[in-house]
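K.L.:
For reference, this is final.pdb, and it has PDB, C-alpha atoms.
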MODEL        1
ATOM      1  CA  GLN C   1      26.556  45.647 -33.022  1.00  0.00           C
ATOM      2  CA  VAL C   2      28.095  43.085 -35.361  1.00  0.00           C
ATOM      3  CA  GLN C   3      26.933  39.537 -35.882  1.00  0.00           C
ATOM      4  CA  LEU C   4      28.819  36.712 -37.567  1.00  0.00           C
ATOM      5  CA  VAL C   5      26.731  33.733 -38.608  1.00  0.00           C
ATOM      6  CA  GLU C   6      28.495  30.544 -39.646  1.00  0.00           C
ATOM      7  CA  SER C   7      27.158  27.574 -41.544  1.00  0.00           C
ATOM      8  CA  GLY C   8      28.397  24.462 -43.297  1.00  0.00           C
ATOM      9  CA  GLY C   9      29.875  22.293 -40.574  1.00  0.00           C
ATOM     10  CA  GLY C  10      29.057  18.646 -40.159  1.00  0.00           C
ATOM     11  CA  LEU C  11      30.290  15.077 -40.190  1.00  0.00           C
ATOM     12  CA  VAL C  12      32.403  13.798 -43.062  1.00  0.00           C
ATOM     13  CA  GLN C  13      34.653  10.841 -43.710  1.00  0.00           C
ATOM     14  CA  ALA C  14      38.388  11.263 -44.051  1.00  0.00           C
ATOM     15  CA  GLY C  15      39.259  12.445 -47.535  1.00  0.00           C
ATOM     16  CA  GLY C  16      35.972  14.263 -47.909  1.00  0.00           C
ATOM     17  CA  SER C  17      35.175  17.934 -48.292  1.00  0.00           C
ATOM     18  CA  LEU C  18      33.165  20.608 -46.527  1.00  0.00           C
ATOM     19  CA  ARG C  19      32.566  24.281 -47.208  1.00  0.00           C
ATOM     20  CA  LEU C  20      32.094  26.726 -44.367  1.00  0.00           C
ATOM     21  CA  SER C  21      30.450  30.113 -44.791  1.00  0.00           C
ATOM     22  CA  CYS C  22      30.357  33.124 -42.498  1.00  0.00           C
ATOM     23  CA  ALA C  23      28.267  36.228 -43.102  1.00  0.00           C
ATOM     24  CA  ALA C  24      28.841  39.454 -41.200  1.00  0.00           C
ATOM     25  CA  SER C  25      25.979  41.849 -40.548  1.00  0.00           C
ATOM     26  CA  GLY C  26      25.161  44.841 -38.395  1.00  0.00           C
ATOM     27  CA  SER C  27      27.099  48.043 -37.820  1.00  0.00           C
ATOM     28  CA  ILE C  28      29.953  47.329 -40.191  1.00  0.00           C
ATOM     29  CA  PHE C  29      32.087  50.320 -41.071  1.00  0.00           C
ATOM     30  CA  SER C  30      35.111  48.601 -42.515  1.00  0.00           C
ATOM     31  CA  ILE C  31      36.187  44.976 -42.462  1.00  0.00           C
ATOM     32  CA  ASN C  32      39.968  44.805 -42.296  1.00  0.00           C
ATOM     33  CA  ALA C  33      40.248  41.035 -42.392  1.00  0.00           C
ATOM     34  CA  MET C  34      38.166  37.894 -42.037  1.00  0.00           C
ATOM     35  CA  GLY C  35      39.369  34.482 -41.108  1.00  0.00           C
ATOM     36  CA  TRP C  36      38.782  31.088 -39.600  1.00  0.00           C
ATOM     37  CA  TYR C  37      40.100  29.651 -36.361  1.00  0.00           C
ATOM     38  CA  ARG C  38      39.528  26.245 -34.830  1.00  0.00           C
ATOM     39  CA  GLN C  39      39.638  24.690 -31.411  1.00  0.00           C
ATOM     40  CA  ALA C  40      39.881  20.977 -30.786  1.00  0.00           C
ATOM     41  CA  PRO C  41      39.027  19.478 -27.385  1.00  0.00           C
ATOM     42  CA  GLY C  42      41.779  20.149 -24.881  1.00  0.00           C
ATOM     43  CA  LYS C  43      43.675  22.416 -27.256  1.00  0.00           C
ATOM     44  CA  GLN C  44      44.049  26.142 -27.723  1.00  0.00           C
ATOM     45  CA  ARG C  45      42.237  27.982 -30.458  1.00  0.00           C
ATOM     46  CA  GLU C  46      44.452  28.257 -33.533  1.00  0.00           C
ATOM     47  CA  LEU C  47      44.436  30.201 -36.760  1.00  0.00           C
ATOM     48  CA  VAL C  48      43.390  28.203 -39.808  1.00  0.00           C
ATOM     49  CA  ALA C  49      43.284  30.860 -42.517  1.00  0.00           C
ATOM     50  CA  ILE C  50      42.891  34.600 -42.826  1.00  0.00           C
ATOM     51  CA  ILE C  51      42.349  37.019 -45.706  1.00  0.00           C
ATOM     52  CA  THR C  52      42.771  40.782 -45.583  1.00  0.00           C
ATOM     53  CA  THR C  53      40.600  43.233 -47.435  1.00  0.00           C
ATOM     54  CA  VAL C  54      43.376  45.511 -48.661  1.00  0.00           C
ATOM     55  CA  GLY C  55      45.761  43.564 -50.822  1.00  0.00           C
ATOM     56  CA  ARG C  56      43.817  40.313 -50.376  1.00  0.00           C
ATOM     57  CA  THR C  57      46.729  38.883 -48.389  1.00  0.00           C
ATOM     58  CA  ILE C  58      46.101  35.274 -47.382  1.00  0.00           C
ATOM     59  CA  ASN C  59      47.784  33.206 -44.713  1.00  0.00           C
ATOM     60  CA  TYR C  60      47.215  29.555 -43.879  1.00  0.00           C
ATOM     61  CA  ALA C  61      48.269  27.349 -41.035  1.00  0.00           C
ATOM     62  CA  ASP C  62      50.952  24.944 -42.256  1.00  0.00           C
ATOM     63  CA  SER C  63      48.706  22.012 -41.385  1.00  0.00           C
ATOM     64  CA  VAL C  64      46.046  23.030 -43.931  1.00  0.00           C
ATOM     65  CA  LYS C  65      48.146  24.427 -46.783  1.00  0.00           C
ATOM     66  CA  GLY C  66      47.247  22.793 -50.074  1.00  0.00           C
ATOM     67  CA  ARG C  67      43.993  21.392 -48.689  1.00  0.00           C
ATOM     68  CA  PHE C  68      41.985  24.420 -47.533  1.00  0.00           C
ATOM     69  CA  THR C  69      41.102  27.538 -49.494  1.00  0.00           C
ATOM     70  CA  ILE C  70      39.795  30.772 -48.010  1.00  0.00           C
ATOM     71  CA  SER C  71      37.878  33.287 -50.112  1.00  0.00           C
ATOM     72  CA  ARG C  72      35.838  36.462 -49.649  1.00  0.00           C
ATOM     73  CA  ASP C  73      32.753  38.001 -51.183  1.00  0.00           C
ATOM     74  CA  ILE C  74      33.305  41.608 -50.170  1.00  0.00           C
ATOM     75  CA  ALA C  75      29.913  42.778 -51.437  1.00  0.00           C
ATOM     76  CA  LYS C  76      28.183  40.222 -49.214  1.00  0.00           C
ATOM     77  CA  ASN C  77      30.547  40.632 -46.217  1.00  0.00           C
ATOM     78  CA  THR C  78      31.020  36.881 -46.379  1.00  0.00           C
ATOM     79  CA  VAL C  79      34.022  34.614 -46.014  1.00  0.00           C
ATOM     80  CA  TYR C  80      34.251  30.985 -47.087  1.00  0.00           C
ATOM     81  CA  LEU C  81      36.524  28.105 -46.213  1.00  0.00           C
ATOM     82  CA  GLN C  82      36.672  25.255 -48.690  1.00  0.00           C
ATOM     83  CA  MET C  83      38.120  22.235 -46.928  1.00  0.00           C
ATOM     84  CA  ASN C  84      39.298  19.307 -49.048  1.00  0.00           C
ATOM     85  CA  SER C  85      41.129  16.094 -48.205  1.00  0.00           C
ATOM     86  CA  LEU C  86      39.905  16.339 -44.652  1.00  0.00           C
ATOM     87  CA  LYS C  87      41.722  14.394 -41.946  1.00  0.00           C
ATOM     88  CA  PRO C  88      40.558  13.234 -38.522  1.00  0.00           C
ATOM     89  CA  GLU C  89      42.941  15.785 -36.973  1.00  0.00           C
ATOM     90  CA  ASP C  90      40.894  18.548 -38.610  1.00  0.00           C
ATOM     91  CA  THR C  91      38.081  17.733 -36.195  1.00  0.00           C
ATOM     92  CA  ALA C  92      37.314  20.853 -34.171  1.00  0.00           C
ATOM     93  CA  VAL C  93      34.892  23.683 -33.640  1.00  0.00           C
ATOM     94  CA  TYR C  94      35.569  26.239 -36.359  1.00  0.00           C
ATOM     95  CA  TYR C  95      35.081  29.903 -35.525  1.00  0.00           C
ATOM     96  CA  CYS C  96      34.695  32.778 -37.927  1.00  0.00           C
ATOM     97  CA  ASN C  97      36.564  35.970 -37.052  1.00  0.00           C
ATOM     98  CA  ALA C  98      36.277  39.478 -38.435  1.00  0.00           C
ATOM     99  CA  ASN C  99      38.473  42.452 -37.615  1.00  0.00           C
ATOM    100  CA  ILE C 100      36.343  45.545 -38.069  1.00  0.00           C
ATOM    101  CA  GLY C 101      37.033  49.198 -37.631  1.00  0.00           C
ATOM    102  CA  PRO C 102      38.486  51.606 -36.807  1.00  0.00           C
ATOM    103  CA  PRO C 103      38.628  50.881 -33.996  1.00  0.00           C
ATOM    104  CA  ARG C 104      40.070  47.468 -34.848  1.00  0.00           C
ATOM    105  CA  ILE C 105      37.839  45.094 -32.912  1.00  0.00           C
ATOM    106  CA  ASN C 106      37.735  41.332 -33.325  1.00  0.00           C
ATOM    107  CA  TYR C 107      34.328  39.738 -33.568  1.00  0.00           C
ATOM    108  CA  TRP C 108      33.617  36.030 -33.349  1.00  0.00           C
ATOM    109  CA  GLY C 109      30.946  33.719 -34.639  1.00  0.00           C
ATOM    110  CA  GLN C 110      29.264  31.127 -32.468  1.00  0.00           C
ATOM    111  CA  GLY C 111      31.310  28.275 -33.938  1.00  0.00           C
ATOM    112  CA  THR C 112      30.403  25.326 -36.120  1.00  0.00           C
ATOM    113  CA  GLN C 113      31.420  21.734 -35.441  1.00  0.00           C
ATOM    114  CA  VAL C 114      33.462  19.863 -38.029  1.00  0.00           C
ATOM    115  CA  THR C 115      33.950  16.168 -37.376  1.00  0.00           C
ATOM    116  CA  VAL C 116      36.080  13.974 -39.626  1.00  0.00           C
ATOM    117  CA  SER C 117      35.758  10.250 -39.119  1.00  0.00           C
ATOM    118  CA  SER C 118      38.523   7.816 -40.001  1.00  0.00           C
TER     119      SER C 118
ENDMDL
END
Could you quickly redo this structure as structure tokens?
P.N.:
Amino acid sequence: QVQLVESGGGLVQAGGSLRLSCAASGSIFSINAMGWYRQAPGKQRELVAIITTVGRTINYADSVKGRFTISRDIAKNTVYLQMNSLKPEDTAVYYCNANIGPPRINYWGQGTQVTVSS
């Protein structure tokens, strides 16, 4: 059993910053990648940023490039998302994701609300 626990969401004014954290615990054999997704009301869940363990490859959604930074603390099985210059369109529930295995299974956190006011 794997648990992902997120923290750090909240309400912030446009132009502000927030830092999300996600810690993985439980029966973790090997974390292949960790990342953040978000889902705004009425929209599909979308990838925000992801970082692999091998090679530390990072990918960002075009909409957050230059504003968000993803990082990992491998020893703590934790991933962070530093969000700067936040915009109202960043408002969404942010979900932590971890791909663990073999077998390669995706696990999800419970989600944390980020609200950016204009």
K.L.:
Just checking: using all atoms listed in the file, which residue out of C:Gly35, C:Gly42, C:Pro88, C:Gly66 ends up closest to C:Gly15?
P.N.:
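Checking each candidate against C:Gly15, we get C:Pro88 as the closest.
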K.L.:
Taking into account only C-alpha atoms, which residue in the set C:Met34, C:Leu4, C:Ile74, C:Val12 is nearest to C:Lys87?
P.N.:
C:Val12
K.L.:
Quick one: apply the PyMOL selection byres ((chain C and resi 43) around 12) to the file and drop the selected residues here as a PyMOL selection string.
P.N.:
chain C and resi 38-42+44-46+89+91-93
K.L.:
With distances taken over all atoms listed in the file, which of C:Val5, C:Asn99, C:Phe68, C:Arg104 is nearest to C:Leu81?
P.N.:
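Of all the options, C:Phe68 lies closest to C:Leu81.
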K.L.:
Output the residue selection produced by the PyMOL selection byres ((chain C and resi 97) around 10) on the file above, formatted as a list in words.
P.N.:
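When the PyMOL selection byres ((chain C and resi 97) around 10) is applied, the selected residues are Leu4, Cys22, Ala24, Ala33, Met34, Gly35, Trp36, Tyr37, Leu47, Ile50, Val79, Tyr94, Tyr95, Cys96, Ala98, Asn99, Ile100, Asn106, Tyr107, Trp108, Gly109, Gln110 and Gly111 of chain C.
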K.L.:
Need to verify the contact set: C:Lys76, 12 Å, only C-alpha atoms, exclusion of same-chain residues closer than 5 positions in sequence. Can you return it as a VMD selection string?
P.N.:
chain C and resid 21 to 25 28 31 71
K.L.:
Neighbours of C:Ala14 within 12 Å (only C-alpha atoms; same-chain residues fewer than 6 positions away dropped), as a PyMOL selection string?
P.N.:
chain C and resi 83-91+114-118
K.L.:
Quote the spacing between atom CA of C:Gly10 and atom CA of C:Ser63 in Å to one decimal place.
P.N.:
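Separation between atom CA of C:Gly10 and atom CA of C:Ser63: 20.0 Å.
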K.L.:
In Å to one decimal, how far is atom CA of C:Tyr80 from atom CA of C:Ile51?
P.N.:
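Here the two named atoms are 10.2 Å from each other.
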K.L.:
For C:Arg19, which of C:Val54, C:Ala61, C:Gln82, C:Pro103 is the closest residue, counting all atoms listed in the file?
P.N.:
C:Gln82
K.L.:
So which one's closest to C:Tyr60, C:Ser27, C:Gly101, C:Val48, C:Gly16? Using all atoms listed in the file, please.
P.N.:
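Ranked by minimum distance to C:Tyr60, first place goes to C:Val48.
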K.L.:
Restore all heavy atoms in stretch 65-76 of chain C and list the result as an mmCIF file, in the frame of the given file.
P.N.:
data_model
loop_
_atom_site.group_PDB
_atom_site.id
_atom_site.type_symbol
_atom_site.label_atom_id
_atom_site.label_comp_id
_atom_site.auth_asym_id
_atom_site.auth_seq_id
_atom_site.Cartn_x
_atom_site.Cartn_y
_atom_site.Cartn_z
ATOM 1 N N LYS C 65 47.690 23.944 -45.477
ATOM 2 C CA LYS C 65 48.146 24.427 -46.783
ATOM 3 C C LYS C 65 47.997 23.344 -47.839
ATOM 4 O O LYS C 65 48.345 22.190 -47.614
ATOM 5 C CB LYS C 65 49.604 24.878 -46.703
ATOM 6 C CG LYS C 65 49.794 26.215 -46.011
ATOM 7 C CD LYS C 65 51.267 26.603 -45.974
ATOM 8 C CE LYS C 65 51.456 27.936 -45.267
ATOM 9 N NZ LYS C 65 52.893 28.305 -45.160
ATOM 10 N N GLY C 66 47.446 23.730 -48.982
ATOM 11 C CA GLY C 66 47.247 22.793 -50.074
ATOM 12 C C GLY C 66 45.950 22.016 -49.992
ATOM 13 O O GLY C 66 45.558 21.345 -50.954
ATOM 14 N N ARG C 67 45.260 22.112 -48.852
ATOM 15 C CA ARG C 67 43.993 21.392 -48.689
ATOM 16 C C ARG C 67 42.811 22.348 -48.493
ATOM 17 O O ARG C 67 41.691 22.055 -48.941
ATOM 18 C CB ARG C 67 44.065 20.453 -47.489
ATOM 19 C CG ARG C 67 45.161 19.404 -47.587
ATOM 20 C CD ARG C 67 45.073 18.384 -46.446
ATOM 21 N NE ARG C 67 45.253 18.997 -45.127
ATOM 22 C CZ ARG C 67 44.347 18.948 -44.153
ATOM 23 N NH1 ARG C 67 43.183 18.336 -44.349
ATOM 24 N NH2 ARG C 67 44.603 19.528 -42.980
ATOM 25 N N PHE C 68 43.041 23.457 -47.822
ATOM 26 C CA PHE C 68 41.985 24.420 -47.533
ATOM 27 C C PHE C 68 42.182 25.675 -48.379
ATOM 28 O O PHE C 68 43.310 26.071 -48.670
ATOM 29 C CB PHE C 68 42.007 24.835 -46.060
ATOM 30 C CG PHE C 68 41.599 23.756 -45.093
ATOM 31 C CD1 PHE C 68 41.440 22.439 -45.477
ATOM 32 C CD2 PHE C 68 41.392 24.080 -43.759
ATOM 33 C CE1 PHE C 68 41.074 21.458 -44.572
ATOM 34 C CE2 PHE C 68 41.027 23.119 -42.835
ATOM 35 C CZ PHE C 68 40.865 21.806 -43.242
ATOM 36 N N THR C 69 41.061 26.295 -48.745
ATOM 37 C CA THR C 69 41.102 27.538 -49.494
ATOM 38 C C THR C 69 40.126 28.535 -48.882
ATOM 39 O O THR C 69 38.944 28.223 -48.729
ATOM 40 C CB THR C 69 40.730 27.325 -50.970
ATOM 41 O OG1 THR C 69 41.624 26.370 -51.551
ATOM 42 C CG2 THR C 69 40.827 28.627 -51.742
ATOM 43 N N ILE C 70 40.636 29.714 -48.546
ATOM 44 C CA ILE C 70 39.795 30.772 -48.010
ATOM 45 C C ILE C 70 39.487 31.765 -49.120
ATOM 46 O O ILE C 70 40.337 32.037 -49.977
ATOM 47 C CB ILE C 70 40.471 31.476 -46.812
ATOM 48 C CG1 ILE C 70 39.499 32.437 -46.116
ATOM 49 C CG2 ILE C 70 41.739 32.208 -47.244
ATOM 50 C CD1 ILE C 70 40.029 32.988 -44.798
ATOM 51 N N SER C 71 38.257 32.292 -49.102
ATOM 52 C CA SER C 71 37.878 33.287 -50.112
ATOM 53 C C SER C 71 36.877 34.259 -49.496
ATOM 54 O O SER C 71 36.281 33.973 -48.457
ATOM 55 C CB SER C 71 37.290 32.608 -51.348
ATOM 56 O OG SER C 71 36.143 31.853 -51.024
ATOM 57 N N ARG C 72 36.725 35.399 -50.144
ATOM 58 C CA ARG C 72 35.838 36.462 -49.649
ATOM 59 C C ARG C 72 34.900 36.921 -50.740
ATOM 60 O O ARG C 72 35.263 36.983 -51.917
ATOM 61 C CB ARG C 72 36.670 37.686 -49.214
ATOM 62 C CG ARG C 72 37.380 37.598 -47.910
ATOM 63 C CD ARG C 72 36.505 38.037 -46.760
ATOM 64 N NE ARG C 72 35.962 39.374 -46.916
ATOM 65 C CZ ARG C 72 36.596 40.494 -46.570
ATOM 66 N NH1 ARG C 72 37.818 40.437 -46.089
ATOM 67 N NH2 ARG C 72 35.999 41.667 -46.711
ATOM 68 N N ASP C 73 33.683 37.262 -50.337
ATOM 69 C CA ASP C 73 32.753 38.001 -51.183
ATOM 70 C C ASP C 73 32.542 39.328 -50.459
ATOM 71 O O ASP C 73 31.771 39.414 -49.504
ATOM 72 C CB ASP C 73 31.433 37.255 -51.355
ATOM 73 C CG ASP C 73 30.503 37.967 -52.328
ATOM 74 O OD1 ASP C 73 30.562 39.208 -52.425
ATOM 75 O OD2 ASP C 73 29.704 37.280 -52.993
ATOM 76 N N ILE C 74 33.311 40.343 -50.889
ATOM 77 C CA ILE C 74 33.305 41.608 -50.170
ATOM 78 C C ILE C 74 31.926 42.259 -50.196
ATOM 79 O O ILE C 74 31.474 42.825 -49.204
ATOM 80 C CB ILE C 74 34.383 42.541 -50.747
ATOM 81 C CG1 ILE C 74 35.768 41.984 -50.422
ATOM 82 C CG2 ILE C 74 34.233 43.949 -50.193
ATOM 83 C CD1 ILE C 74 36.917 42.795 -50.954
ATOM 84 N N ALA C 75 31.232 42.159 -51.314
ATOM 85 C CA ALA C 75 29.913 42.778 -51.437
ATOM 86 C C ALA C 75 28.919 42.191 -50.443
ATOM 87 O O ALA C 75 28.004 42.875 -49.982
ATOM 88 C CB ALA C 75 29.402 42.627 -52.858
ATOM 89 N N LYS C 76 29.103 40.910 -50.125
ATOM 90 C CA LYS C 76 28.183 40.222 -49.214
ATOM 91 C C LYS C 76 28.735 40.128 -47.790
ATOM 92 O O LYS C 76 28.102 39.511 -46.933
ATOM 93 C CB LYS C 76 27.889 38.810 -49.733
ATOM 94 C CG LYS C 76 27.142 38.777 -51.046
ATOM 95 C CD LYS C 76 26.851 37.347 -51.465
ATOM 96 C CE LYS C 76 26.072 37.298 -52.768
ATOM 97 N NZ LYS C 76 25.789 35.906 -53.193
#
